[in-house]
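Data from final.pdb: PDB, C-alpha atoms
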```
ATOM      1  CA  MET A 261      11.714 -14.154 -10.302
ATOM      2  CA  GLY A 262       8.182 -15.258  -9.588
ATOM      3  CA  LEU A 263       4.599 -14.341 -10.259
ATOM      4  CA  ILE A 264       1.726 -14.153  -7.809
ATOM      5  CA  SER A 265      -1.798 -13.934  -9.181
ATOM      6  CA  GLN A 266      -4.731 -12.981  -6.999
ATOM      7  CA  GLU A 267      -8.366 -12.445  -7.852
ATOM      8  CA  PHE A 268     -10.208  -9.227  -7.075
ATOM      9  CA  VAL A 269     -12.568  -9.593  -4.109
ATOM     10  CA  GLU A 270     -16.192  -8.509  -3.996
ATOM     11  CA  LEU A 271     -16.688  -6.331  -0.910
ATOM     12  CA  PRO A 272     -19.323  -3.899   0.376
ATOM     13  CA  GLY A 273     -19.186  -0.488  -1.247
ATOM     14  CA  ILE A 274     -21.202   1.963  -3.254
ATOM     15  CA  ASP A 275     -22.233   0.531  -6.615
ATOM     16  CA  LYS A 276     -22.238   2.252 -10.014
ATOM     17  CA  LYS A 277     -25.660   3.764  -9.329
ATOM     18  CA  GLY A 278     -24.471   5.307  -6.083
ATOM     19  CA  LYS A 279     -26.331   2.868  -3.892
ATOM     20  CA  PRO A 280     -24.978   0.650  -1.105
ATOM     21  CA  GLY A 281     -24.014  -2.690  -2.597
ATOM     22  CA  THR A 282     -20.808  -4.487  -3.459
ATOM     23  CA  ILE A 283     -17.836  -3.643  -5.619
ATOM     24  CA  LEU A 284     -14.801  -5.562  -6.838
ATOM     25  CA  ARG A 285     -11.581  -4.432  -5.233
ATOM     26  CA  PRO A 286      -7.922  -5.336  -5.882
ATOM     27  CA  VAL A 287      -7.341  -6.949  -2.532
ATOM     28  CA  VAL A 288      -4.295  -9.091  -1.802
ATOM     29  CA  THR A 289      -4.216 -11.836   0.826
ATOM     30  CA  PHE A 290      -0.981 -12.152   2.753
ATOM     31  CA  SER A 291       0.429 -13.218   6.103
ATOM     32  CA  MET A 292       2.437 -11.037   8.447
ATOM     33  CA  ASN A 293       4.423 -11.152  11.652
ATOM     34  CA  TYR A 294       6.837  -9.165  13.764
ATOM     35  CA  LYS A 295      10.148 -10.424  15.139
ATOM     36  CA  ARG A 296       9.416 -14.143  14.854
ATOM     37  CA  GLY A 297       6.126 -13.620  16.665
ATOM     38  CA  ARG A 298       2.811 -15.081  15.729
ATOM     39  CA  ILE A 299       1.895 -15.080  12.045
ATOM     40  CA  PHE A 300      -1.605 -14.222  10.970
ATOM     41  CA  THR A 301      -3.242 -13.835   7.588
ATOM     42  CA  THR A 302      -5.182 -10.833   6.420
ATOM     43  CA  ASN A 303      -5.867  -8.870   3.284
ATOM     44  CA  GLY A 304      -5.048  -5.387   2.068
ATOM     45  CA  LEU A 305      -6.195  -3.075  -0.665
ATOM     46  CA  LEU A 306      -3.585  -2.303  -3.326
ATOM     47  CA  ASP A 307      -3.572   1.494  -3.239
ATOM     48  CA  SER A 308      -1.123   3.168  -5.601
ATOM     49  CA  GLY A 309      -2.401   6.527  -4.309
ATOM     50  CA  ALA A 310      -1.168   5.790  -0.797
ATOM     51  CA  ASP A 311       2.373   6.932  -0.069
ATOM     52  CA  TYR A 312       2.918   4.257   2.564
ATOM     53  CA  ASN A 313       1.268   1.195   4.042
ATOM     54  CA  LEU A 314      -1.525   2.176   6.409
ATOM     55  CA  PHE A 315      -3.103  -0.485   8.613
ATOM     56  CA  PRO A 316      -5.715  -0.475  11.356
ATOM     57  CA  GLY A 317      -4.147   0.049  14.768
ATOM     58  CA  GLU A 318      -5.827  -3.118  16.033
ATOM     59  CA  TYR A 319      -3.320  -5.174  14.036
ATOM     60  CA  CYS A 320      -0.674  -4.182  16.580
ATOM     61  CA  TYR A 321      -2.430  -6.408  19.098
ATOM     62  CA  GLY A 322      -2.156  -9.364  16.719
ATOM     63  CA  LEU A 323       1.500  -8.632  16.001
ATOM     64  CA  GLY A 324       2.445  -8.065  19.627
ATOM     65  CA  VAL A 325       3.473  -4.479  18.938
ATOM     66  CA  ASN A 326       2.929  -1.542  21.295
ATOM     67  CA  ILE A 327       1.440   0.938  18.831
ATOM     68  CA  LYS A 328       2.557   4.051  20.687
ATOM     69  CA  LYS A 329       6.204   2.986  20.618
ATOM     70  CA  GLY A 330       6.285   3.654  16.883
ATOM     71  CA  ILE A 331       7.399   6.861  15.176
ATOM     72  CA  PRO A 332       4.489   9.334  15.229
ATOM     73  CA  VAL A 333       3.258  10.266  11.747
ATOM     74  CA  GLU A 334       0.405  12.478  10.633
ATOM     75  CA  ILE A 335      -1.931  10.900   8.108
ATOM     76  CA  GLY A 336      -4.056  12.936   5.729
ATOM     77  CA  GLY A 337      -6.412  12.097   2.917
ATOM     78  CA  ILE A 338      -9.608  13.163   1.258
ATOM     79  CA  GLY A 339     -11.651  11.637   4.071
ATOM     80  CA  SER A 340     -10.172  13.614   6.941
ATOM     81  CA  ARG A 341      -9.508  17.326   7.019
ATOM     82  CA  VAL A 342      -7.688  17.021  10.303
ATOM     83  CA  PRO A 343      -4.661  14.721  10.008
ATOM     84  CA  LEU A 344      -4.998  11.499  11.965
ATOM     85  CA  LYS A 345      -2.314  10.258  14.286
ATOM     86  CA  GLY A 346      -0.476   7.160  13.216
ATOM     87  CA  TYR A 347       2.597   5.314  14.404
ATOM     88  CA  ARG A 348       5.216   3.851  12.088
ATOM     89  CA  HIS A 349       6.719   0.482  12.925
ATOM     90  CA  PHE A 350       9.655  -1.160  11.196
ATOM     91  CA  GLY A 351      10.689  -4.813  10.958
ATOM     92  CA  ILE A 352       7.345  -6.267   9.977
ATOM     93  CA  LYS A 353       7.553  -9.238   7.693
ATOM     94  CA  ILE A 354       5.032  -9.891   4.928
ATOM     95  CA  PHE A 355       4.609 -13.304   3.275
ATOM     96  CA  LEU A 356       2.942 -13.800  -0.103
ATOM     97  CA  GLY A 357       3.238 -17.385  -1.247
ATOM     98  CA  GLU A 358       6.929 -18.150  -1.690
ATOM     99  CA  TYR A 359       7.927 -14.500  -1.480
ATOM    100  CA  SER A 360       8.537 -12.557   1.711
ATOM    101  CA  PHE A 361      10.035  -9.213   2.642
ATOM    102  CA  GLU A 362      10.514  -6.941   5.601
ATOM    103  CA  THR A 363       8.794  -3.584   5.568
ATOM    104  CA  TYR A 364       7.388  -0.763   7.661
ATOM    105  CA  ILE A 365       3.770   0.075   8.292
ATOM    106  CA  ASP A 366       1.882   3.056   9.697
ATOM    107  CA  PHE A 367      -0.794   1.992  12.167
ATOM    108  CA  CYS A 368      -3.751   4.186  12.993
ATOM    109  CA  MET A 369      -6.650   3.379  15.316
ATOM    110  CA  GLU A 370      -9.080   5.279  13.066
ATOM    111  CA  GLN A 371      -8.132   3.276   9.965
ATOM    112  CA  GLY A 372     -10.507   0.507   8.862
ATOM    113  CA  ALA A 373      -8.979  -1.162   5.810
ATOM    114  CA  ALA A 374      -5.359  -2.205   5.415
ATOM    115  CA  LEU A 375      -3.919  -0.113   2.575
ATOM    116  CA  LEU A 376      -0.849  -1.340   0.717
ATOM    117  CA  GLY A 377       1.023   1.723  -0.498
ATOM    118  CA  ARG A 378       3.839   2.547  -2.899
ATOM    119  CA  GLU A 379       6.678   2.765  -0.388
ATOM    120  CA  GLY A 380       6.869  -0.400   1.631
ATOM    121  CA  PHE A 381       4.763  -2.579  -0.657
ATOM    122  CA  PHE A 382       4.660  -1.650  -4.367
ATOM    123  CA  ASN A 383       8.411  -0.985  -4.348
ATOM    124  CA  LYS A 384       9.043  -4.531  -3.110
ATOM    125  CA  PHE A 385       7.914  -5.900  -6.494
ATOM    126  CA  LYS A 386       9.297  -5.606 -10.030
ATOM    127  CA  SER A 387       5.795  -4.907 -11.277
ATOM    128  CA  ILE A 388       2.177  -4.962 -10.167
ATOM    129  CA  ASN A 389      -0.193  -5.449 -13.070
ATOM    130  CA  PHE A 390      -3.929  -4.848 -12.718
ATOM    131  CA  LYS A 391      -5.891  -6.907 -15.253
ATOM    132  CA  HIS A 392      -9.301  -5.320 -14.883
ATOM    133  CA  GLN A 393     -10.992  -7.309 -17.629
ATOM    134  CA  LYS A 394     -10.035 -10.543 -15.872
ATOM    135  CA  ASN A 395     -10.442  -9.158 -12.348
ATOM    136  CA  ILE A 396      -7.014 -10.287 -11.290
ATOM    137  CA  VAL A 397      -3.794  -8.650 -10.201
ATOM    138  CA  ILE A 398      -0.383 -10.111 -10.996
ATOM    139  CA  LEU A 399       2.529  -9.260  -8.755
ATOM    140  CA  GLU A 400       6.009  -9.940 -10.127
ATOM    141  CA  TYR A 401       8.974 -10.295  -7.791
TER     142      TYR A 401
ATOM    143  CA  MET B 182     -13.305 -12.840  -8.910
ATOM    144  CA  LYS B 183     -13.533 -13.998  -5.312
ATOM    145  CA  LYS B 184     -16.930 -13.925  -3.621
ATOM    146  CA  ILE B 185     -17.571 -14.230   0.093
ATOM    147  CA  LYS B 186     -21.061 -15.435   0.983
ATOM    148  CA  ASP B 187     -23.289 -12.699   2.463
ATOM    149  CA  ILE B 188     -20.313 -10.386   3.016
ATOM    150  CA  GLU B 189     -22.604  -7.348   2.846
ATOM    151  CA  LYS B 190     -24.160  -8.425   6.167
ATOM    152  CA  TYR B 191     -20.876  -7.891   7.954
ATOM    153  CA  GLU B 192     -19.991  -4.324   7.016
ATOM    154  CA  ASN B 193     -17.786  -2.530   9.562
ATOM    155  CA  LYS B 194     -17.169  -5.773  11.445
ATOM    156  CA  TRP B 195     -13.991  -7.735  11.971
ATOM    157  CA  VAL B 196     -14.362 -11.155  10.396
ATOM    158  CA  VAL B 197     -12.528 -14.457   9.996
ATOM    159  CA  LEU B 198     -13.208 -16.481   6.857
ATOM    160  CA  ASN B 199     -13.274 -20.238   6.454
ATOM    161  CA  GLU B 200     -10.211 -21.985   5.016
ATOM    162  CA  ARG B 201     -11.433 -21.600   1.440
ATOM    163  CA  GLY B 202     -12.088 -17.896   1.972
ATOM    164  CA  THR B 203     -15.679 -18.233   0.839
ATOM    165  CA  GLU B 204     -17.665 -17.760   4.080
ATOM    166  CA  VAL B 205     -17.500 -15.802   7.302
ATOM    167  CA  VAL B 206     -17.034 -18.101  10.303
ATOM    168  CA  LYS B 207     -16.736 -15.426  12.992
ATOM    169  CA  ALA B 208     -17.718 -11.755  13.095
ATOM    170  CA  SER B 209     -17.398  -9.188  15.858
ATOM    171  CA  ASN B 210     -16.961  -5.501  16.526
ATOM    172  CA  SER B 211     -13.795  -6.431  18.391
ATOM    173  CA  PHE B 212     -10.516  -7.390  16.722
ATOM    174  CA  LYS B 213      -9.521  -9.362  19.823
ATOM    175  CA  ASP B 214     -12.656 -11.502  19.618
ATOM    176  CA  VAL B 215     -11.983 -12.605  16.077
ATOM    177  CA  PHE B 216      -8.237 -12.976  16.637
ATOM    178  CA  LYS B 217      -8.981 -15.534  19.374
ATOM    179  CA  VAL B 218     -10.593 -17.774  16.754
ATOM    180  CA  LEU B 219      -7.292 -18.213  14.912
ATOM    181  CA  LYS B 220      -5.377 -21.234  16.118
ATOM    182  CA  GLY B 221      -1.647 -20.611  16.073
ATOM    183  CA  SER B 222       0.715 -19.597  13.299
ATOM    184  CA  LYS B 223      -0.338 -22.320  10.879
ATOM    185  CA  ASP B 224      -3.878 -21.009  10.694
ATOM    186  CA  LYS B 225      -4.172 -19.417   7.252
ATOM    187  CA  ARG B 226      -7.731 -18.214   7.642
ATOM    188  CA  VAL B 227      -8.076 -14.583   6.655
ATOM    189  CA  LEU B 228      -8.922 -11.947   9.249
ATOM    190  CA  PHE B 229      -9.921  -8.451   8.154
ATOM    191  CA  LYS B 230     -12.341  -5.585   8.696
ATOM    192  CA  VAL B 231     -15.210  -5.490   6.222
ATOM    193  CA  PRO B 232     -15.617  -2.046   4.668
ATOM    194  CA  SER B 233     -18.811  -0.039   4.826
ATOM    195  CA  SER B 234     -21.257  -0.241   1.946
ATOM    196  CA  ASN B 235     -21.856   3.516   2.217
ATOM    197  CA  LEU B 236     -18.355   4.629   1.359
ATOM    198  CA  VAL B 237     -16.344   5.247  -1.770
ATOM    199  CA  TYR B 238     -12.596   4.766  -1.270
ATOM    200  CA  SER B 239     -10.377   7.531  -2.511
ATOM    201  CA  PRO B 240      -6.943   8.650  -1.349
TER     202      PRO B 240
END
```
Kindly return the structure encoded in the file as structure tokens.
Amino acid sequence: MGLISQEFVELPGIDKKGKPGTILRPVVTFSMNYKRGRIFTTNGLLDSGADYNLFPGEYCYGLGVNIKKGIPVEIGGIGSRVPLKGYRHFGIKIFLGEYSFETYIDFCMEQGAALLGREGFFNKFKSINFKHQKNIVILEY
Amino acid sequence: MKKIKDIEKYENKWVVLNERGTEVVKASNSFKDVFKVLKGSKDKRVLFKVPSSNLVYSP
């Protein structure tokens, strides 16, 4: 068992008054690689409303993955009435401090932020606790 | 709370942060451009796309 604590990150977004500004988001920093390939570090938004992990298609270049060789999946959400085309890839390893696990990720060229979803991320932890008053998230594994 | 200096200037761009994660050291519209800045597997600098300041995220 272990605990990982990460601070919320201030990023561009619409503020409380509806104006362009910055907003605190529960973003987790982690490293990733595919099949013993190059490791690189990025961050992702913890999104309990996302069924699966959804990452920008550009990450495939960094991982050495041919995006179109993945399993085609249709991706929908409030932002797009027409489902977007994504490709699911398995065998991607994620490293958070001392903890690591293998998972699968949907990659989509129209996606901007890396979203960490319930299946493939949240379910790899015993608990994920958002402490909004302290602006931290604690992940228990 | 983690703050990144002047992050609002880089909306919609791919960026690489310094080792402390407090400043942008490289920004580009191209993922490949910023990925080149990383030096091998031991480089722990964070690479990501900065979100737009005109959007609200919702699933």
Next item on the list: Evaluate the PyMOL selection byres ((chain A) within 7 of (chain B)) here and jot the selected residues down as a ChimeraX atom specification.
Entry: /A:267-274,280-282,298-303,309-310,318,337-338,372-373,395
So that all listed atoms of region 354-369 of chain A fit with 6 Å spare on each side, what axis-aligned box centre and edge lengths in Å, to one decimal, would you give as lines of an AutoDock Vina configuration file?
```
center_x = 1.9
center_y = -7.0
center_z = 6.8
size_x = 29.2
size_y = 34.3
size_z = 29.0
```
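Checking A:Lys384, A:Lys328, A:Lys345, A:Arg378 one by one against Tyr359 (chain A), counting only C-alpha atoms, you find the shortest gap at A:Lys384.
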Item checked: Two-atom distance - CA of Glu400 (chain A), CA of Gly351 (chain A) (Å) -> 22.2 Å
Checklist line | Output check: residues returned by the PyMOL selection byres ((chain A and resi 379) around 12), as an MDAnalysis selection string | finding: chainID A and resid 306:314 363:366 375:378 380:385
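Nearest residue to Glu370 (chain A) among A:Met261, A:Ile352, A:Gly336, A:Gly297 is A:Gly336, counting all atoms listed in the file.
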Any chance you could work out the residue set of the PyMOL selection byres ((chain A and resi 396) around 10) here, as a tab-separated table (two decimals) with C-alpha atoms, keeping the file's coordinate frame?
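Everything below was put into part.tsv:
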```tsv
chain	number	residue	atom	x	y	z
A	265	SER	CA	-1.80	-13.93	-9.18
A	266	GLN	CA	-4.73	-12.98	-7.00
A	267	GLU	CA	-8.37	-12.44	-7.85
A	268	PHE	CA	-10.21	-9.23	-7.08
A	269	VAL	CA	-12.57	-9.59	-4.11
A	285	ARG	CA	-11.58	-4.43	-5.23
A	286	PRO	CA	-7.92	-5.34	-5.88
A	287	VAL	CA	-7.34	-6.95	-2.53
A	288	VAL	CA	-4.30	-9.09	-1.80
A	389	ASN	CA	-0.19	-5.45	-13.07
A	390	PHE	CA	-3.93	-4.85	-12.72
A	391	LYS	CA	-5.89	-6.91	-15.25
A	392	HIS	CA	-9.30	-5.32	-14.88
A	393	GLN	CA	-10.99	-7.31	-17.63
A	394	LYS	CA	-10.04	-10.54	-15.87
A	395	ASN	CA	-10.44	-9.16	-12.35
A	397	VAL	CA	-3.79	-8.65	-10.20
A	398	ILE	CA	-0.38	-10.11	-11.00
A	399	LEU	CA	2.53	-9.26	-8.76
B	182	MET	CA	-13.30	-12.84	-8.91
B	183	LYS	CA	-13.53	-14.00	-5.31
```
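The coordinates place CA of Val196 (chain B) at 29.6 Å from CA of Tyr401 (chain A).
In this model, the gap between CA of Ser387 (chain A) and CA of Lys295 (chain A) comes to 27.3 Å.
Among A:Ile327, A:Ile335, A:Met292, A:Leu305, the residue with the shortest atom-to-atom distance to Phe355 (chain A), counting only C-alpha atoms, is A:Met292.
Remark: for Pro343 (chain A), the closest of the candidate residues A:Gly330, A:Gly357, A:Cys368, A:Lys386 is A:Cys368 (distances computed over only C-alpha atoms).
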File contents for region 311-342 of chain A with N, CA and C atoms as an mmCIF file, in the first residue's frame:
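Contents of decode-v4.cif, as written:
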```cif
data_model
loop_
_atom_site.group_PDB
_atom_site.id
_atom_site.type_symbol
_atom_site.label_atom_id
_atom_site.label_comp_id
_atom_site.auth_asym_id
_atom_site.auth_seq_id
_atom_site.Cartn_x
_atom_site.Cartn_y
_atom_site.Cartn_z
ATOM 1 N N ASP A 311 -15.243 7.565 -19.247
ATOM 2 C CA ASP A 311 -15.284 6.106 -19.124
ATOM 3 C C ASP A 311 -13.878 5.508 -19.176
ATOM 4 N N TYR A 312 -13.083 6.051 -20.093
ATOM 5 C CA TYR A 312 -11.742 5.504 -20.340
ATOM 6 C C TYR A 312 -10.720 6.635 -20.397
ATOM 7 N N ASN A 313 -9.457 6.249 -20.456
ATOM 8 C CA ASN A 313 -8.402 7.241 -20.675
ATOM 9 C C ASN A 313 -8.504 7.747 -22.110
ATOM 10 N N LEU A 314 -8.381 9.052 -22.268
ATOM 11 C CA LEU A 314 -8.414 9.635 -23.612
ATOM 12 C C LEU A 314 -7.277 10.645 -23.716
ATOM 13 N N PHE A 315 -6.339 10.356 -24.623
ATOM 14 C CA PHE A 315 -5.138 11.180 -24.755
ATOM 15 C C PHE A 315 -5.051 11.772 -26.156
ATOM 16 N N PRO A 316 -4.340 12.883 -26.277
ATOM 17 C CA PRO A 316 -4.104 13.440 -27.613
ATOM 18 C C PRO A 316 -3.366 12.429 -28.497
ATOM 19 N N GLY A 317 -3.751 12.371 -29.750
ATOM 20 C CA GLY A 317 -3.115 11.441 -30.679
ATOM 21 C C GLY A 317 -1.628 11.683 -30.838
ATOM 22 N N GLU A 318 -1.198 12.912 -30.633
ATOM 23 C CA GLU A 318 0.230 13.243 -30.783
ATOM 24 C C GLU A 318 1.121 12.412 -29.854
ATOM 25 N N TYR A 319 0.558 11.969 -28.725
ATOM 26 C CA TYR A 319 1.363 11.187 -27.785
ATOM 27 C C TYR A 319 1.874 9.903 -28.428
ATOM 28 N N CYS A 320 1.166 9.418 -29.435
ATOM 29 C CA CYS A 320 1.605 8.180 -30.101
ATOM 30 C C CYS A 320 2.992 8.354 -30.696
ATOM 31 N N TYR A 321 3.276 9.551 -31.185
ATOM 32 C CA TYR A 321 4.610 9.825 -31.728
ATOM 33 C C TYR A 321 5.657 9.642 -30.622
ATOM 34 N N GLY A 322 5.381 10.206 -29.455
ATOM 35 C CA GLY A 322 6.325 10.103 -28.343
ATOM 36 C C GLY A 322 6.515 8.666 -27.866
ATOM 37 N N LEU A 323 5.435 7.888 -27.940
ATOM 38 C CA LEU A 323 5.490 6.505 -27.463
ATOM 39 C C LEU A 323 6.028 5.541 -28.509
ATOM 40 N N GLY A 324 6.104 5.993 -29.741
ATOM 41 C CA GLY A 324 6.507 5.094 -30.829
ATOM 42 C C GLY A 324 5.396 4.152 -31.236
ATOM 43 N N VAL A 325 4.172 4.636 -31.172
ATOM 44 C CA VAL A 325 2.995 3.830 -31.510
ATOM 45 C C VAL A 325 2.394 4.354 -32.811
ATOM 46 N N ASN A 326 2.010 3.433 -33.694
ATOM 47 C CA ASN A 326 1.278 3.823 -34.905
ATOM 48 C C ASN A 326 -0.195 3.924 -34.526
ATOM 49 N N ILE A 327 -0.693 5.139 -34.443
ATOM 50 C CA ILE A 327 -2.050 5.358 -33.899
ATOM 51 C C ILE A 327 -3.100 4.522 -34.614
ATOM 52 N N LYS A 328 -3.015 4.423 -35.914
ATOM 53 C CA LYS A 328 -4.076 3.750 -36.674
ATOM 54 C C LYS A 328 -4.045 2.233 -36.557
ATOM 55 N N LYS A 329 -3.039 1.703 -35.879
ATOM 56 C CA LYS A 329 -3.007 0.249 -35.652
ATOM 57 C C LYS A 329 -3.797 -0.142 -34.399
ATOM 58 N N GLY A 330 -4.350 0.840 -33.717
ATOM 59 C CA GLY A 330 -5.156 0.547 -32.539
ATOM 60 C C GLY A 330 -6.570 0.123 -32.918
ATOM 61 N N ILE A 331 -7.341 -0.266 -31.920
ATOM 62 C CA ILE A 331 -8.741 -0.647 -32.134
ATOM 63 C C ILE A 331 -9.569 0.623 -32.297
ATOM 64 N N PRO A 332 -10.288 0.772 -33.424
ATOM 65 C CA PRO A 332 -11.071 1.998 -33.603
ATOM 66 C C PRO A 332 -12.187 2.107 -32.552
ATOM 67 N N VAL A 333 -12.326 3.279 -31.972
ATOM 68 C CA VAL A 333 -13.402 3.539 -31.014
ATOM 69 C C VAL A 333 -14.023 4.899 -31.334
ATOM 70 N N GLU A 334 -15.316 5.006 -31.116
ATOM 71 C CA GLU A 334 -15.975 6.289 -31.316
ATOM 72 C C GLU A 334 -16.067 7.002 -29.981
ATOM 73 N N ILE A 335 -15.731 8.279 -29.982
ATOM 74 C CA ILE A 335 -15.664 9.040 -28.736
ATOM 75 C C ILE A 335 -16.689 10.169 -28.782
ATOM 76 N N GLY A 336 -17.558 10.193 -27.794
ATOM 77 C CA GLY A 336 -18.575 11.234 -27.719
ATOM 78 C C GLY A 336 -18.460 11.997 -26.418
ATOM 79 N N GLY A 337 -19.057 13.160 -26.391
ATOM 80 C CA GLY A 337 -19.056 13.971 -25.181
ATOM 81 C C GLY A 337 -19.881 15.205 -25.439
ATOM 82 N N ILE A 338 -19.983 16.050 -24.432
ATOM 83 C CA ILE A 338 -20.824 17.229 -24.577
ATOM 84 C C ILE A 338 -20.274 18.176 -25.645
ATOM 85 N N GLY A 339 -18.965 18.115 -25.876
ATOM 86 C CA GLY A 339 -18.344 19.058 -26.795
ATOM 87 C C GLY A 339 -18.467 18.686 -28.260
ATOM 88 N N SER A 340 -18.837 17.452 -28.557
ATOM 89 C CA SER A 340 -18.905 17.078 -29.972
ATOM 90 C C SER A 340 -20.168 16.275 -30.238
ATOM 91 N N ARG A 341 -20.985 16.779 -31.121
ATOM 92 C CA ARG A 341 -22.227 16.072 -31.449
ATOM 93 C C ARG A 341 -21.933 14.861 -32.326
ATOM 94 N N VAL A 342 -20.938 15.031 -33.191
ATOM 95 C CA VAL A 342 -20.529 13.915 -34.027
ATOM 96 C C VAL A 342 -19.401 13.188 -33.293
#
```
